[in-house]
>>> print(open('target18.pdb').read())   # PDB, C-alpha atoms
MODEL        1
ATOM      1  CA  MET A   1       8.718  -3.639  -8.614  1.00  0.00           C
ATOM      2  CA  SER A   2       6.060  -2.862  -6.049  1.00  0.00           C
ATOM      3  CA  ASP A   3       7.081  -1.458  -2.677  1.00  0.00           C
ATOM      4  CA  ARG A   4       5.261  -4.282  -0.905  1.00  0.00           C
ATOM      5  CA  ARG A   5       7.174  -6.918  -2.864  1.00  0.00           C
ATOM      6  CA  ALA A   6      10.533  -5.202  -2.304  1.00  0.00           C
ATOM      7  CA  LEU A   7       9.904  -4.902   1.434  1.00  0.00           C
ATOM      8  CA  ALA A   8       8.703  -8.513   1.660  1.00  0.00           C
ATOM      9  CA  GLU A   9      11.947  -9.645   0.034  1.00  0.00           C
ATOM     10  CA  GLU A  10      13.785  -7.731   2.792  1.00  0.00           C
ATOM     11  CA  GLY A  11      11.664  -9.452   5.444  1.00  0.00           C
ATOM     12  CA  VAL A  12       9.695  -6.301   6.299  1.00  0.00           C
ATOM     13  CA  MET A  13       5.915  -6.199   6.419  1.00  0.00           C
ATOM     14  CA  LEU A  14       4.432  -2.930   5.191  1.00  0.00           C
ATOM     15  CA  VAL A  15       1.662  -1.654   7.446  1.00  0.00           C
ATOM     16  CA  ALA A  16      -0.232   0.746   5.213  1.00  0.00           C
ATOM     17  CA  PRO A  17      -3.708   0.957   3.760  1.00  0.00           C
ATOM     18  CA  PRO A  18      -4.040  -0.930   0.474  1.00  0.00           C
ATOM     19  CA  GLN A  19      -4.244   1.209  -2.632  1.00  0.00           C
ATOM     20  CA  PRO A  20      -7.959   1.699  -3.307  1.00  0.00           C
ATOM     21  CA  ARG A  21      -7.764   1.191  -7.065  1.00  0.00           C
ATOM     22  CA  ALA A  22      -5.106  -1.541  -7.091  1.00  0.00           C
ATOM     23  CA  LEU A  23      -7.751  -4.264  -7.301  1.00  0.00           C
ATOM     24  CA  ALA A  24     -10.874  -4.133  -9.407  1.00  0.00           C
ATOM     25  CA  PRO A  25     -13.968  -4.239  -7.146  1.00  0.00           C
ATOM     26  CA  GLU A  26     -15.055  -7.437  -8.899  1.00  0.00           C
ATOM     27  CA  LEU A  27     -11.807  -9.124  -7.843  1.00  0.00           C
ATOM     28  CA  ARG A  28     -11.901  -7.716  -4.298  1.00  0.00           C
ATOM     29  CA  GLU A  29     -15.473  -8.882  -3.741  1.00  0.00           C
ATOM     30  CA  GLY A  30     -14.788 -12.309  -5.240  1.00  0.00           C
ATOM     31  CA  ARG A  31     -17.254 -12.109  -8.131  1.00  0.00           C
ATOM     32  CA  PHE A  32     -14.466 -12.658 -10.651  1.00  0.00           C
ATOM     33  CA  ILE A  33     -11.843 -15.228  -9.716  1.00  0.00           C
ATOM     34  CA  PHE A  34      -8.238 -14.782 -10.825  1.00  0.00           C
ATOM     35  CA  ASP A  35      -5.761 -17.636 -10.577  1.00  0.00           C
ATOM     36  CA  PRO A  36      -2.262 -16.092 -10.608  1.00  0.00           C
ATOM     37  CA  ASP A  37      -0.583 -19.455 -11.240  1.00  0.00           C
ATOM     38  CA  THR A  38      -2.468 -20.223 -14.463  1.00  0.00           C
ATOM     39  CA  GLU A  39      -3.203 -16.532 -15.202  1.00  0.00           C
ATOM     40  CA  ILE A  40      -6.838 -17.347 -15.983  1.00  0.00           C
ATOM     41  CA  LEU A  41      -9.690 -15.012 -15.030  1.00  0.00           C
ATOM     42  CA  THR A  42     -13.109 -16.586 -14.470  1.00  0.00           C
ATOM     43  CA  CYS A  43     -16.373 -14.641 -14.519  1.00  0.00           C
ATOM     44  CA  PRO A  44     -19.388 -15.286 -12.238  1.00  0.00           C
ATOM     45  CA  ALA A  45     -21.012 -17.402 -14.980  1.00  0.00           C
ATOM     46  CA  GLY A  46     -17.955 -19.674 -15.085  1.00  0.00           C
ATOM     47  CA  VAL A  47     -16.485 -18.454 -18.373  1.00  0.00           C
ATOM     48  CA  ALA A  48     -12.688 -18.592 -18.255  1.00  0.00           C
ATOM     49  CA  CYS A  49     -10.733 -15.904 -20.054  1.00  0.00           C
ATOM     50  CA  ARG A  50      -7.170 -16.351 -21.226  1.00  0.00           C
ATOM     51  CA  HIS A  51      -7.093 -13.553 -23.791  1.00  0.00           C
ATOM     52  CA  ARG A  52      -5.132 -10.653 -22.362  1.00  0.00           C
ATOM     53  CA  THR A  53      -2.904  -7.783 -23.379  1.00  0.00           C
ATOM     54  CA  TYR A  54      -0.251  -6.065 -21.305  1.00  0.00           C
ATOM     55  CA  ASN A  55      -0.480  -2.356 -20.450  1.00  0.00           C
ATOM     56  CA  PRO A  56       3.079  -1.226 -19.590  1.00  0.00           C
ATOM     57  CA  GLN A  57       2.020   2.189 -18.225  1.00  0.00           C
ATOM     58  CA  ALA A  58      -0.277   0.626 -15.623  1.00  0.00           C
ATOM     59  CA  GLU A  59       1.863  -2.511 -15.216  1.00  0.00           C
ATOM     60  CA  SER A  60      -1.255  -4.624 -15.596  1.00  0.00           C
ATOM     61  CA  TRP A  61      -2.928  -7.219 -17.781  1.00  0.00           C
ATOM     62  CA  VAL A  62      -6.193  -6.348 -19.512  1.00  0.00           C
ATOM     63  CA  TYR A  63      -8.523  -9.355 -19.836  1.00  0.00           C
ATOM     64  CA  ARG A  64     -11.276  -9.212 -22.485  1.00  0.00           C
ATOM     65  CA  PHE A  65     -14.035 -11.767 -22.245  1.00  0.00           C
ATOM     66  CA  PRO A  66     -15.523 -13.012 -25.548  1.00  0.00           C
ATOM     67  CA  ALA A  67     -18.364 -10.739 -26.683  1.00  0.00           C
ATOM     68  CA  ALA A  68     -20.470 -13.706 -27.819  1.00  0.00           C
ATOM     69  CA  ALA A  69     -20.243 -15.311 -24.377  1.00  0.00           C
ATOM     70  CA  CYS A  70     -21.207 -12.041 -22.656  1.00  0.00           C
ATOM     71  CA  ARG A  71     -24.186 -11.439 -24.988  1.00  0.00           C
ATOM     72  CA  ALA A  72     -25.547 -14.931 -24.318  1.00  0.00           C
ATOM     73  CA  CYS A  73     -24.970 -14.765 -20.558  1.00  0.00           C
ATOM     74  CA  GLU A  74     -27.911 -14.476 -18.161  1.00  0.00           C
ATOM     75  CA  LEU A  75     -25.773 -12.441 -15.722  1.00  0.00           C
ATOM     76  CA  LYS A  76     -24.956  -9.767 -18.338  1.00  0.00           C
ATOM     77  CA  GLY A  77     -27.129  -7.131 -16.657  1.00  0.00           C
ATOM     78  CA  SER A  78     -25.289  -7.375 -13.340  1.00  0.00           C
ATOM     79  CA  CYS A  79     -21.862  -7.959 -14.898  1.00  0.00           C
ATOM     80  CA  THR A  80     -21.361  -5.562 -17.801  1.00  0.00           C
ATOM     81  CA  LYS A  81     -22.389  -1.972 -18.255  1.00  0.00           C
ATOM     82  CA  GLY A  82     -22.182  -1.733 -22.047  1.00  0.00           C
ATOM     83  CA  ARG A  83     -23.227  -3.784 -25.037  1.00  0.00           C
ATOM     84  CA  GLY A  84     -19.831  -5.353 -25.619  1.00  0.00           C
ATOM     85  CA  SER A  85     -17.851  -7.806 -23.572  1.00  0.00           C
ATOM     86  CA  ARG A  86     -16.542  -7.451 -20.042  1.00  0.00           C
ATOM     87  CA  ILE A  87     -13.033  -6.044 -19.545  1.00  0.00           C
ATOM     88  CA  ILE A  88     -11.152  -6.516 -16.256  1.00  0.00           C
ATOM     89  CA  THR A  89      -7.697  -5.156 -15.449  1.00  0.00           C
ATOM     90  CA  VAL A  90      -5.418  -7.255 -13.227  1.00  0.00           C
ATOM     91  CA  SER A  91      -2.228  -5.709 -11.844  1.00  0.00           C
ATOM     92  CA  ARG A  92       0.989  -7.596 -12.310  1.00  0.00           C
ATOM     93  CA  TYR A  93       1.296  -7.215  -8.514  1.00  0.00           C
ATOM     94  CA  TYR A  94      -2.042  -8.935  -7.922  1.00  0.00           C
ATOM     95  CA  ARG A  95      -0.733 -11.221  -5.157  1.00  0.00           C
ATOM     96  CA  GLU A  96       0.700  -8.338  -3.131  1.00  0.00           C
ATOM     97  CA  HIS A  97      -2.424  -6.218  -3.578  1.00  0.00           C
ATOM     98  CA  MET A  98      -4.739  -9.081  -2.616  1.00  0.00           C
ATOM     99  CA  GLU A  99      -2.623  -9.952   0.438  1.00  0.00           C
ATOM    100  CA  ALA A 100      -2.690  -6.281   1.493  1.00  0.00           C
ATOM    101  CA  TYR A 101      -6.471  -6.121   1.036  1.00  0.00           C
ATOM    102  CA  LEU A 102      -7.088  -9.340   2.986  1.00  0.00           C
ATOM    103  CA  TYR A 103      -4.715  -8.182   5.749  1.00  0.00           C
ATOM    104  CA  SER A 104      -6.560  -4.851   5.942  1.00  0.00           C
ATOM    105  CA  GLN A 105      -9.732  -6.746   6.894  1.00  0.00           C
ATOM    106  CA  THR A 106      -8.172  -8.354  10.010  1.00  0.00           C
ATOM    107  CA  PRO A 107      -8.088  -7.151  13.638  1.00  0.00           C
ATOM    108  CA  ALA A 108      -4.268  -7.381  13.559  1.00  0.00           C
ATOM    109  CA  TYR A 109      -4.208  -4.710  10.840  1.00  0.00           C
ATOM    110  CA  LYS A 110      -6.383  -2.393  12.909  1.00  0.00           C
ATOM    111  CA  GLN A 111      -4.047  -2.851  15.884  1.00  0.00           C
ATOM    112  CA  ASP A 112      -0.966  -2.191  13.726  1.00  0.00           C
ATOM    113  CA  MET A 113      -2.556   0.963  12.298  1.00  0.00           C
ATOM    114  CA  ARG A 114      -3.190   2.260  15.824  1.00  0.00           C
ATOM    115  CA  LEU A 115       0.512   1.832  16.575  1.00  0.00           C
ATOM    116  CA  ARG A 116       1.432   3.487  13.276  1.00  0.00           C
ATOM    117  CA  ALA A 117      -0.771   6.475  14.164  1.00  0.00           C
ATOM    118  CA  LEU A 118       1.468   7.109  17.187  1.00  0.00           C
ATOM    119  CA  ILE A 119       4.667   7.054  15.119  1.00  0.00           C
ATOM    120  CA  GLU A 120       3.604   9.015  12.025  1.00  0.00           C
ATOM    121  CA  PRO A 121       3.530  12.470  13.688  1.00  0.00           C
ATOM    122  CA  ARG A 122       7.137  11.999  14.817  1.00  0.00           C
ATOM    123  CA  ASN A 123       8.232  11.111  11.287  1.00  0.00           C
ATOM    124  CA  GLY A 124       6.292  14.095   9.982  1.00  0.00           C
ATOM    125  CA  GLU A 125       8.100  16.375  12.421  1.00  0.00           C
ATOM    126  CA  LEU A 126      11.470  15.041  11.280  1.00  0.00           C
ATOM    127  CA  ALA A 127      10.597  15.629   7.638  1.00  0.00           C
ATOM    128  CA  ARG A 128       8.762  18.931   7.978  1.00  0.00           C
ATOM    129  CA  TRP A 129      10.761  20.807  10.601  1.00  0.00           C
ATOM    130  CA  HIS A 130      14.176  19.140  10.740  1.00  0.00           C
ATOM    131  CA  GLY A 131      15.124  18.630   7.090  1.00  0.00           C
ATOM    132  CA  LEU A 132      14.800  14.860   6.706  1.00  0.00           C
ATOM    133  CA  ARG A 133      12.672  15.168   3.598  1.00  0.00           C
ATOM    134  CA  ARG A 134      15.850  15.713   1.608  1.00  0.00           C
ATOM    135  CA  ALA A 135      19.431  14.551   2.104  1.00  0.00           C
ATOM    136  CA  ARG A 136      21.896  17.372   2.727  1.00  0.00           C
ATOM    137  CA  TYR A 137      24.997  15.379   1.817  1.00  0.00           C
ATOM    138  CA  TRP A 138      26.175  12.997  -0.882  1.00  0.00           C
ATOM    139  CA  GLY A 139      26.517   9.319  -0.066  1.00  0.00           C
ATOM    140  CA  LEU A 140      24.566   6.803   1.918  1.00  0.00           C
ATOM    141  CA  VAL A 141      26.838   6.955   4.985  1.00  0.00           C
ATOM    142  CA  LYS A 142      26.496  10.737   5.341  1.00  0.00           C
ATOM    143  CA  THR A 143      22.745  10.554   4.719  1.00  0.00           C
ATOM    144  CA  ARG A 144      22.393   7.888   7.394  1.00  0.00           C
ATOM    145  CA  LEU A 145      24.416  10.031   9.822  1.00  0.00           C
ATOM    146  CA  GLN A 146      22.147  12.995   9.053  1.00  0.00           C
ATOM    147  CA  ALA A 147      19.120  10.865   9.953  1.00  0.00           C
ATOM    148  CA  ILE A 148      20.710   9.564  13.166  1.00  0.00           C
ATOM    149  CA  PHE A 149      21.841  12.985  14.394  1.00  0.00           C
ATOM    150  CA  THR A 150      18.491  14.556  13.524  1.00  0.00           C
ATOM    151  CA  ALA A 151      16.631  11.830  15.419  1.00  0.00           C
ATOM    152  CA  LEU A 152      18.965  12.285  18.411  1.00  0.00           C
ATOM    153  CA  ALA A 153      18.342  16.039  18.432  1.00  0.00           C
ATOM    154  CA  VAL A 154      14.556  15.593  18.220  1.00  0.00           C
ATOM    155  CA  ASN A 155      14.562  12.943  20.956  1.00  0.00           C
ATOM    156  CA  PHE A 156      16.707  15.195  23.188  1.00  0.00           C
ATOM    157  CA  LYS A 157      14.293  18.059  22.569  1.00  0.00           C
ATOM    158  CA  ARG A 158      11.345  15.825  23.526  1.00  0.00           C
ATOM    159  CA  TRP A 159      13.188  14.630  26.652  1.00  0.00           C
ATOM    160  CA  VAL A 160      13.794  18.237  27.765  1.00  0.00           C
ATOM    161  CA  HIS A 161      10.122  19.140  27.194  1.00  0.00           C
ATOM    162  CA  LEU A 162       9.004  16.078  29.192  1.00  0.00           C
ATOM    163  CA  ALA A 163      11.373  16.944  32.047  1.00  0.00           C
ATOM    164  CA  ILE A 164      10.118  20.526  32.173  1.00  0.00           C
ATOM    165  CA  ALA A 165       6.489  19.346  32.090  1.00  0.00           C
ATOM    166  CA  ALA A 166       7.194  16.913  34.950  1.00  0.00           C
ATOM    167  CA  LYS A 167       8.748  19.720  37.052  1.00  0.00           C
ATOM    168  CA  ARG A 168       5.741  21.938  36.428  1.00  0.00           C
ATOM    169  CA  ALA A 169       3.384  19.120  37.407  1.00  0.00           C
ATOM    170  CA  VAL A 170       5.283  18.591  40.686  1.00  0.00           C
ATOM    171  CA  LYS A 171       5.166  22.342  41.446  1.00  0.00           C
ATOM    172  CA  ALA A 172       1.449  22.475  40.651  1.00  0.00           C
ATOM    173  CA  ALA A 173       0.764  19.474  42.899  1.00  0.00           C
ATOM    174  CA  ALA A 174       2.719  21.040  45.759  1.00  0.00           C
ATOM    175  CA  ALA A 175       0.894  24.357  45.501  1.00  0.00           C
TER     176      ALA A 175
ENDMDL
END
>>> encode(input="target18.pdb", output="structure tokens")
Amino acid sequence: MSDRRALAEEGVMLVAPPQPRALAPELREGRFIFDPDTEILTCPAGVACRHRTYNPQAESWVYRFPAAACRACELKGSCTKGRGSRIITVSRYYREHMEAYLYSQTPAYKQDMRLRALIEPRNGELARWHGLRRARYWGLVKTRLQAIFTALAVNFKRWVHLAIAAKRAVKAAAA
């Protein structure tokens, strides 16, 4: 199951850049149209393709357009690179990937990414310098306590540094 789908089921919206290769450029740009309800892929010339095979390693469907239709098509030069038919891969998580791509084109996404940029260094500090990359104890309760106590220690450390910086600023202003 994709992370986006799992988080959506929990009621959490993932604010992260979409995976660059999750959608074929032809699908992203709207040249090929995929209908996830009927599972039909339509090319720019209007040829609908139902023939597909499943690739379990990539968790995707591979659509192969009929070679005869591609050879006779006037758009062949701009659509296919080889002599055969056009092949498009569609992830089984197409809906989630397309939603993520469309969301990444909005101003709300840009605003959310600015907020994320403020939080990420703190999470990096917790993982890199305070051991939250790996659980030290067995069990979810102990792991959760490790995370809480580590966050408390880091926040206390930040509070002390801010207090010291404020004192120095007051002394510098008085001098």
>>> residues_around(input="target18.pdb", residues="region 3-19 of chain A", least_positions_apart="3", cutoff="6 Å", atoms="only C-alpha atoms", output="ChimeraX atom specification")
/A:22,100-101
>>> write_last_selection(input="target18.pdb", atoms="C-alpha atoms", output="PDB file, in the coordinates of the input")
ATOM      1  CA  ALA A  22      -5.106  -1.541  -7.091  1.00  0.00           C
ATOM      2  CA  ALA A 100      -2.690  -6.281   1.493  1.00  0.00           C
ATOM      3  CA  TYR A 101      -6.471  -6.121   1.036  1.00  0.00           C
TER       4      TYR A 101
END
>>> resolve_selection(input="target18.pdb", expression="the PyMOL selection byres ((chain A and resi 72-84) around 10)", output="list in words")
Glu26, Arg31, Phe32, Cys43, Pro44, Ala45, Val47, Arg64, Phe65, Pro66, Ala67, Ala68, Ala69, Cys70, Arg71, Ser85, Arg86 and Ile87 of chain A
>>> closest_residue(input="target18.pdb", among="A:Ala117, A:Ala58, A:Val90, A:Val141", to="Leu41 (chain A)", atoms="all atoms listed in the file")
A:Val90
>>> resolve_selection(input="target18.pdb", expression="the PyMOL selection byres ((chain A and resi 93) around 10)", output="number ranges by chain")
A: 1-2, 4-5, 22-23, 36, 59-60, 90-92, 94-98
>>> closest_atom_pairs(input="target18.pdb", of="region 83-126 of chain A", to="region 149-164 of chain A", cutoff="9 Å", atoms="all atoms listed in the file", output="CSV")
residue,atom,partner,partner_atom,distance
A:Arg122,CA,A:Val154,CA,8.9
A:Glu125,CA,A:Val154,CA,8.7
A:Leu126,CA,A:Ala151,CA,7.4
>>> atom_distance(input="target18.pdb", atom1="CA of His51 (chain A)", atom2="CA of Arg21 (chain A)")
22.3 Å
>>> atom_distance(input="target18.pdb", atom1="CA of Leu27 (chain A)", atom2="CA of Gln111 (chain A)")
25.7 Å
>>> atom_distance(input="target18.pdb", atom1="CA of Arg116 (chain A)", atom2="CA of Ile148 (chain A)")
20.2 Å
>>> axis_aligned_box(input="target18.pdb", around="region 126-143 of chain A", padding_each_side="4 Å", output="lines of an AutoDock Vina configuration file")
center_x = 17.8
center_y = 13.8
center_z = 5.2
size_x = 26.1
size_y = 22.0
size_z = 20.2
>>> closest_residue(input="target18.pdb", among="A:Thr89, A:Gln105, A:Leu115, A:Ala175", to="Tyr54 (chain A)", atoms="all atoms listed in the file")
A:Thr89
